[in-house]
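**Student:** Structure: entry.cif, mmCIF, C-alpha atoms.
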data_protein
#
loop_
_atom_site.label_atom_id
_atom_site.label_comp_id
_atom_site.auth_asym_id
_atom_site.auth_seq_id
_atom_site.Cartn_x
_atom_site.Cartn_y
_atom_site.Cartn_z
CA MET A 1111 23.10 42.47 16.75
CA ALA A 1112 22.44 45.03 19.50
CA ARG A 1113 25.07 45.59 22.15
CA TYR A 1114 23.84 46.28 25.67
CA CYS A 1115 25.63 48.48 28.18
CA LEU A 1116 24.51 49.19 31.75
CA ILE A 1117 25.82 52.33 33.44
CA THR A 1118 25.15 53.24 37.07
CA GLY A 1119 25.14 56.81 38.31
CA ALA A 1120 23.87 57.79 34.86
CA SER A 1121 21.70 60.75 35.84
CA SER A 1122 24.53 63.29 35.94
CA GLY A 1123 28.25 63.89 35.57
CA LEU A 1124 30.51 61.20 34.19
CA GLY A 1125 27.82 58.50 34.12
CA ARG A 1126 25.47 60.70 32.09
CA GLU A 1127 28.19 61.58 29.60
CA LEU A 1128 29.21 57.94 29.22
CA ALA A 1129 25.57 57.01 28.55
CA ILE A 1130 25.30 59.69 25.86
CA GLN A 1131 28.57 58.70 24.19
CA TYR A 1132 27.78 54.98 24.18
CA ALA A 1133 24.30 55.64 22.83
CA GLY A 1134 25.85 57.80 20.12
CA ALA A 1135 28.14 54.90 19.22
CA GLY A 1136 25.16 52.62 18.61
CA TRP A 1137 24.83 50.84 21.97
CA GLN A 1138 21.58 50.16 23.79
CA VAL A 1139 22.24 51.80 27.16
CA ILE A 1140 20.55 50.85 30.43
CA ALA A 1141 20.85 54.02 32.50
CA VAL A 1142 20.65 53.36 36.24
CA ALA A 1143 20.20 56.07 38.87
CA ARG A 1144 17.82 57.19 41.59
CA SER A 1145 16.61 60.30 39.75
CA VAL A 1146 13.60 59.28 37.65
CA ASN A 1147 13.21 62.72 36.08
CA ALA A 1148 16.84 62.94 34.98
CA LEU A 1149 16.72 59.47 33.46
CA ASN A 1150 13.48 60.19 31.62
CA GLU A 1151 15.00 63.37 30.24
CA LEU A 1152 17.95 61.35 28.96
CA HIS A 1153 15.61 58.90 27.27
CA GLN A 1154 13.69 61.73 25.61
CA GLN A 1155 16.94 63.07 24.17
CA HIS A 1156 18.41 59.67 23.20
CA LYS A 1157 15.94 56.88 22.45
CA SER A 1158 18.62 54.21 22.79
CA ILE A 1159 19.12 55.20 26.45
CA HIS A 1160 16.62 53.30 28.58
CA ALA A 1161 15.75 54.63 32.02
CA PHE A 1162 16.13 52.11 34.83
CA PRO A 1163 15.43 53.95 38.11
CA LEU A 1164 17.04 52.12 41.00
CA ASP A 1165 18.66 52.82 44.36
CA LEU A 1166 21.70 50.53 44.42
CA THR A 1167 21.85 50.69 48.21
CA ASP A 1168 18.36 49.22 48.56
CA THR A 1169 19.39 45.62 49.15
CA GLU A 1170 15.79 44.44 49.37
CA LEU A 1171 14.67 45.80 45.98
CA LEU A 1172 17.93 45.27 44.07
CA PRO A 1173 17.62 41.50 43.35
CA ALA A 1174 14.07 41.83 42.02
CA ALA A 1175 15.02 44.80 39.85
CA ILE A 1176 17.93 42.93 38.27
CA GLU A 1177 15.73 39.88 37.72
CA GLN A 1178 13.24 42.12 35.91
CA LEU A 1179 16.07 43.47 33.73
CA ALA A 1180 17.20 39.94 32.91
CA GLN A 1181 13.76 39.24 31.47
CA GLN A 1182 14.00 42.25 29.17
CA ILE A 1183 17.44 41.88 27.58
CA PRO A 1184 19.42 38.86 26.31
CA ALA A 1185 22.76 39.78 27.90
CA LEU A 1186 24.98 42.61 29.08
CA ASP A 1187 28.10 43.18 27.01
CA LEU A 1188 29.38 45.98 29.23
CA VAL A 1189 28.68 47.09 32.79
CA ILE A 1190 30.15 50.37 34.06
CA LEU A 1191 29.72 50.72 37.82
CA ASN A 1192 30.10 54.47 38.14
CA ALA A 1193 27.72 55.45 40.97
CA GLY A 1194 29.40 57.05 43.94
CA SER A 1195 29.42 59.94 46.37
CA CYS A 1196 31.96 62.05 48.20
CA ASP A 1197 31.56 63.67 51.60
CA TYR A 1198 34.45 65.22 53.49
CA VAL A 1199 34.75 64.65 57.22
CA ASP A 1200 36.09 66.30 60.35
CA ALA A 1201 38.78 64.04 61.79
CA ALA A 1202 38.31 65.55 65.24
CA ASN A 1203 34.71 64.34 65.33
CA LEU A 1204 34.39 61.52 62.83
CA PRO A 1205 30.77 61.33 61.58
CA LEU A 1206 29.95 57.64 61.54
CA ASP A 1207 26.84 58.19 59.44
CA VAL A 1208 28.98 59.63 56.64
CA PHE A 1209 31.21 56.55 56.69
CA ASP A 1210 28.16 54.27 56.64
CA ARG A 1211 26.57 56.18 53.75
CA THR A 1212 29.79 56.45 51.74
CA PHE A 1213 30.72 52.78 52.06
CA ALA A 1214 27.12 51.71 51.40
CA LEU A 1215 27.16 53.34 47.95
CA ASN A 1216 30.83 53.42 47.00
CA PHE A 1217 31.61 49.87 48.01
CA GLN A 1218 28.84 47.61 49.30
CA ALA A 1219 26.41 48.54 46.51
CA GLN A 1220 29.12 47.89 43.90
CA VAL A 1221 29.77 44.41 45.29
CA ALA A 1222 26.05 43.65 45.29
CA ALA A 1223 25.71 44.90 41.71
CA VAL A 1224 28.58 42.69 40.57
CA LYS A 1225 27.01 39.65 42.20
CA LEU A 1226 23.60 40.22 40.66
CA LEU A 1227 24.74 41.34 37.20
CA MET A 1228 27.29 38.55 36.75
CA PRO A 1229 24.80 36.13 35.11
CA LEU A 1230 23.91 38.72 32.45
CA LEU A 1231 27.60 39.40 31.76
CA GLN A 1232 28.26 35.67 31.44
CA LYS A 1233 25.61 35.44 28.72
CA SER A 1234 27.65 37.80 26.55
CA SER A 1235 30.33 36.38 24.28
CA GLU A 1236 32.71 39.07 25.54
CA GLY A 1237 31.40 40.66 28.73
CA THR A 1238 33.31 43.51 30.36
CA LEU A 1239 32.89 44.74 33.93
CA ALA A 1240 34.28 48.25 34.41
CA VAL A 1241 34.56 49.57 37.97
CA VAL A 1242 35.03 53.30 38.50
CA SER A 1243 37.23 54.01 41.51
CA SER A 1244 39.50 57.05 41.96
CA LEU A 1245 43.13 58.14 42.12
CA ALA A 1246 42.30 59.59 45.54
CA HIS A 1247 43.24 56.39 47.35
CA LEU A 1248 46.87 56.69 46.21
CA PHE A 1249 47.63 59.52 48.65
CA PRO A 1250 46.24 60.53 52.08
CA PHE A 1251 44.30 63.67 51.21
CA THR A 1252 42.87 65.91 53.89
CA LYS A 1253 39.30 65.23 55.07
CA ALA A 1254 38.98 62.33 52.59
CA GLN A 1255 39.03 59.51 55.14
CA ALA A 1256 35.60 58.15 54.14
CA TYR A 1257 35.85 58.70 50.39
CA GLY A 1258 39.47 57.60 49.97
CA ALA A 1259 39.03 54.49 52.11
CA SER A 1260 35.92 53.45 50.16
CA LYS A 1261 37.74 53.86 46.86
CA ALA A 1262 40.78 51.97 48.15
CA ALA A 1263 38.48 49.09 49.06
CA LEU A 1264 36.80 49.26 45.65
CA SER A 1265 40.10 49.21 43.74
CA TYR A 1266 41.35 46.23 45.72
CA PHE A 1267 38.04 44.45 45.16
CA ALA A 1268 38.27 44.95 41.38
CA ASP A 1269 41.89 43.80 41.18
CA SER A 1270 41.22 40.73 43.30
CA LEU A 1271 38.03 39.97 41.37
CA ARG A 1272 39.98 40.00 38.11
CA VAL A 1273 42.26 37.28 39.46
CA ASP A 1274 39.40 34.91 40.18
CA LEU A 1275 37.52 35.70 36.96
CA THR A 1276 40.53 35.06 34.72
CA ASP A 1277 39.00 31.98 33.11
CA SER A 1278 35.38 33.13 33.23
CA GLY A 1279 35.30 35.04 29.96
CA ILE A 1280 34.52 38.28 31.81
CA ARG A 1281 37.09 41.06 31.60
CA VAL A 1282 37.49 43.33 34.63
CA CYS A 1283 38.58 46.91 34.00
CA LEU A 1284 39.52 49.20 36.89
CA ILE A 1285 39.00 52.90 36.15
CA GLU A 1286 40.79 55.40 38.40
CA PRO A 1287 40.26 58.97 37.21
CA GLY A 1288 41.57 62.15 38.74
CA PHE A 1289 39.48 65.30 39.05
CA VAL A 1290 36.64 65.56 36.53
CA ASP A 1291 34.39 68.62 36.26
CA THR A 1292 31.04 67.22 37.42
CA PRO A 1293 28.32 68.33 39.87
CA LEU A 1294 30.12 66.21 42.49
CA THR A 1295 33.48 67.98 42.18
CA GLN A 1296 31.90 71.41 41.65
CA LYS A 1297 31.11 71.36 45.37
CA ASN A 1298 34.83 71.27 46.21
CA ASP A 1299 36.24 74.47 47.71
CA PHE A 1300 39.89 73.70 46.92
CA LYS A 1301 42.04 73.81 43.81
CA MET A 1302 41.77 70.62 41.75
CA PRO A 1303 44.97 70.02 39.75
CA PHE A 1304 44.69 68.87 36.11
CA LEU A 1305 40.89 69.14 36.16
CA LEU A 1306 39.35 67.44 33.10
CA GLN A 1307 36.12 68.20 31.29
CA VAL A 1308 33.59 65.40 31.56
CA GLU A 1309 33.49 64.83 27.78
CA ASP A 1310 37.25 64.26 27.71
CA ALA A 1311 37.13 61.89 30.70
CA ALA A 1312 34.35 59.82 29.14
CA LYS A 1313 36.27 59.54 25.85
CA ARG A 1314 39.36 58.32 27.70
CA ILE A 1315 37.32 55.69 29.50
CA ARG A 1316 35.67 54.49 26.29
CA GLN A 1317 39.02 54.26 24.54
CA GLY A 1318 40.54 52.32 27.43
CA ILE A 1319 37.65 49.87 27.54
CA ARG A 1320 37.73 49.48 23.76
CA SER A 1321 41.45 48.70 23.83
CA LYS A 1322 40.86 46.15 26.62
CA GLN A 1323 43.01 47.89 29.22
CA GLN A 1324 42.93 46.27 32.64
CA ARG A 1325 43.40 49.59 34.42
CA ILE A 1326 42.60 53.07 33.15
CA ARG A 1327 44.26 55.92 35.04
CA PHE A 1328 44.23 59.58 33.99
CA PRO A 1329 45.34 62.29 33.64
CA LYS A 1330 48.92 61.10 33.36
CA ARG A 1331 50.35 64.24 34.96
CA LEU A 1332 48.38 63.62 38.14
CA VAL A 1333 49.21 59.91 38.13
CA PHE A 1334 52.91 60.76 37.77
CA SER A 1335 52.73 63.37 40.56
CA LEU A 1336 51.08 60.94 42.98
CA HIS A 1337 53.64 58.26 42.19
CA LEU A 1338 56.44 60.73 42.91
CA LEU A 1339 54.87 61.65 46.24
CA ASN A 1340 54.67 57.97 47.17
CA LEU A 1341 58.38 57.55 46.47
CA LEU A 1342 59.19 59.98 49.27
CA PRO A 1343 60.36 58.59 52.62
CA TYR A 1344 57.26 57.83 54.66
CA SER A 1345 57.84 60.54 57.27
CA LEU A 1346 58.37 63.17 54.57
CA ARG A 1347 55.31 61.96 52.70
CA CYS A 1348 53.27 62.45 55.86
CA LYS A 1349 54.58 65.99 56.25
CA VAL A 1350 53.70 66.83 52.64
CA ALA A 1351 50.20 65.46 53.14
CA ALA A 1352 49.78 67.44 56.36
CA GLY A 1353 50.88 70.58 54.51
CA MET A 1354 47.94 70.16 52.14
CA ARG A 1355 45.36 70.37 54.88
CA GLN A 1356 42.43 72.69 54.36
CA PRO A 1357 41.60 75.17 57.11
#
What would the structure in this file look like if it were written as structure tokens?

**Tutor:**
Amino acid sequence: MARYCLITGASSGLGRELAIQYAGAGWQVIAVARSVNALNELHQQHKSIHAFPLDLTDTELLPAAIEQLAQQIPALDLVILNAGSCDYVDAANLPLDVFDRTFALNFQAQVAAVKLLMPLLQKSSEGTLAVVSSLAHLFPFTKAQAYGASKAALSYFADSLRVDLTDSGIRVCLIEPGFVDTPLTQKNDFKMPFLLQVEDAAKRIRQGIRSKQQRIRFPKRLVFSLHLLNLLPYSLRCKVAAGMRQP
């Protein structure tokens, strides 16, 4: 019997690699992204990857699109909410439009997707909802006010959601990666410690989901480093964070 996996942000980076790896493992993959051309290219290369062009922030079109999907497949066995963006901000002149845009995709769209995809997950005998957040929210990084805050909200949402879905039959997996070499991080102009290749990151996520982990954090060296920083007295932690500021 076919297994169905839906992956958002599947046109590039981590989402694209996850789609390829799951398709290679025999899954039928619903690839969701805004880029029609990129999705069609994926489908041409992997026939078990099905293009599903959709802007997750379009709250008017989203319900109808998910209803259309529900008519095409029997259930979703796995949903990986991976879509997201990162824009750095100037704290001296906070750009409200960046905060609106970042939270719209990184948080609000994820909540809407969970709400609308829940019925399809419930139809599976063992549905899994995997939410991709970030390790960034564990430490106050420079210029990351919008991105880090959106990921902090998303991580809390996933953890709290798990509590209330305990008896629903749906597993909730929170994924918090460090730096992964993708088009998104390639725009960064600072050193990214313990940078992982996208193939490696996708394999770690697949293994964690397969082993039914509730939270997947990697790489361990970065996780350990952030935990150590958070053990510092608060005033010293603030000084360390300030010392990391970019010019």

**Student:** Compare A:Asp1168, A:Asp1291, A:Glu1236, A:Asp1299 by their minimum atom-to-atom distance to A:Ser1278, counting all atoms listed in the file, and give me the closest one.

**Tutor:**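 Closest residue, counting all atoms listed in the file: A:Glu1236.
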
**Student:** Give me, please, the distance in Å between atom CA of A:Met1354 and atom CA of A:Ile1285, quoted to one decimal.

**Tutor:**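 Straight-line distance from atom CA of A:Met1354 to atom CA of A:Ile1285 works out to 25.2 Å.
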
**Student:** Which residues of stretch 1141-1197 of chain A sit at most 9 Å from stretch 1255-1274 of chain A, using all atoms listed in the file? Give each one's shortest atom pair and distance in Å (one decimal place), in chain and ascending residue order, as CSV.

**Tutor:**
residue,atom,partner,partner_atom,distance
A:Ser1195,CA,A:Tyr1257,CA,7.7
A:Cys1196,CA,A:Tyr1257,CA,5.6
A:Asp1197,CA,A:Tyr1257,CA,6.7

**Student:** Just the number, please: distance in Å from atom CA of A:Phe1249 to atom CA of A:Leu1342, one decimal.

**Tutor:**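 We find that atom CA of A:Phe1249 and atom CA of A:Leu1342 lie 11.6 Å from each other.
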
**Student:** Hey, what's within 9 Å of A:Pro1250 if we count all atoms listed in the file and toss same-chain stuff fewer than 3 positions away? As a ChimeraX atom specification, please?

**Tutor:** /A:1246-1247,1253-1255,1258,1348,1351-1352

**Student:** What is the atom CA of A:Lys1313-atom CA of A:Thr1276 distance in Å, reported with one decimal?

**Tutor:**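 For atom CA of A:Lys1313 relative to atom CA of A:Thr1276, the distance reads 26.4 Å.
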
**Student:** I need the residue set behind the PyMOL selection byres ((chain A and resi 1289) around 12) for this file; please write it as a PyMOL selection string.

**Tutor:** chain A and resi 1123-1124+1243-1246+1286-1288+1290-1296+1298+1300-1308+1310-1311+1327-1333

**Student:** List as a Markdown table every residue of stretch 1115-1164 of chain A that is in contact with stretch 1204-1228 of chain A, defined as an atom at most 12 Å from one of its atoms (using all atoms listed in the file), together with the nearest atom pair and the distance in Å rounded to one decimal, sorted by chain and then rising number.

**Tutor:**
| residue | atom | partner | partner_atom | distance |
| --- | --- | --- | --- | --- |
| A:Cys1115 | CA | A:Leu1227 | CA | 11.5 |
| A:Leu1116 | CA | A:Leu1227 | CA | 9.6 |
| A:Ile1117 | CA | A:Ala1223 | CA | 11.1 |
| A:Thr1118 | CA | A:Gln1220 | CA | 9.5 |
| A:Gly1119 | CA | A:Leu1215 | CA | 10.4 |
| A:Val1142 | CA | A:Ala1223 | CA | 11.3 |
| A:Ala1143 | CA | A:Leu1215 | CA | 11.8 |
| A:Arg1144 | CA | A:Leu1215 | CA | 11.9 |
| A:Leu1164 | CA | A:Ala1223 | CA | 11.3 |

**Student:** Can you work out which one of A:Ser1335, A:Ser1158, A:Asn1340, A:Thr1252 has the shortest atom-to-atom distance to A:Ala1135, counting all atoms listed in the file?

**Tutor:**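 The shortest atom-to-atom distance to A:Ala1135 comes from A:Ser1158.
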
**Student:** Suppose a student applies the PyMOL selection byres ((chain A and resi 1145) around 12) to this structure; what residues should they get, written as JSON, numbers by chain?

**Tutor:** {"A": [1118, 1119, 1120, 1121, 1122, 1126, 1141, 1142, 1143, 1144, 1146, 1147, 1148, 1149, 1150, 1151, 1152, 1161, 1162, 1163, 1164, 1165, 1166]}

**Student:** Fewer than 6 positions away in the same chain doesn't count, so skip those; otherwise give me all residues within 10 Å of A:Asp1187, counting all atoms listed in the file, as a ChimeraX atom specification.

**Tutor:** /A:1112-1116,1137,1230-1239,1280

**Student:** Counting all atoms listed in the file, which of A:Lys1157, A:Leu1336, A:Val1139, A:Gln1178 gets nearest to A:Val1350?

**Tutor:** A:Leu1336

**Student:** Check the smallest atom-to-atom distance from each of A:Lys1297, A:Cys1283, A:Gln1138, A:Ile1159 to A:Gln1317 using all atoms listed in the file, then report the winner.

**Tutor:** A:Cys1283

**Student:** Using all atoms listed in the file, which protein or nucleic acid residues come within 6 Å of A:Ile1190? Drop anything in the same chain fewer than 2 positions from it, and give the result as a count of residues only.

**Tutor:** 4

**Student:** For stretch 1212-1215 of chain A, I'd like the enclosing box, axis-aligned and padded by 4 Å on every side, reported as AutoDock Vina command-line options with centre and edge lengths in Å to one decimal.

**Tutor:**
--center_x 28.9 --center_y 54.1 --center_z 50.0 --size_x 11.6 --size_y 12.7 --size_z 12.1
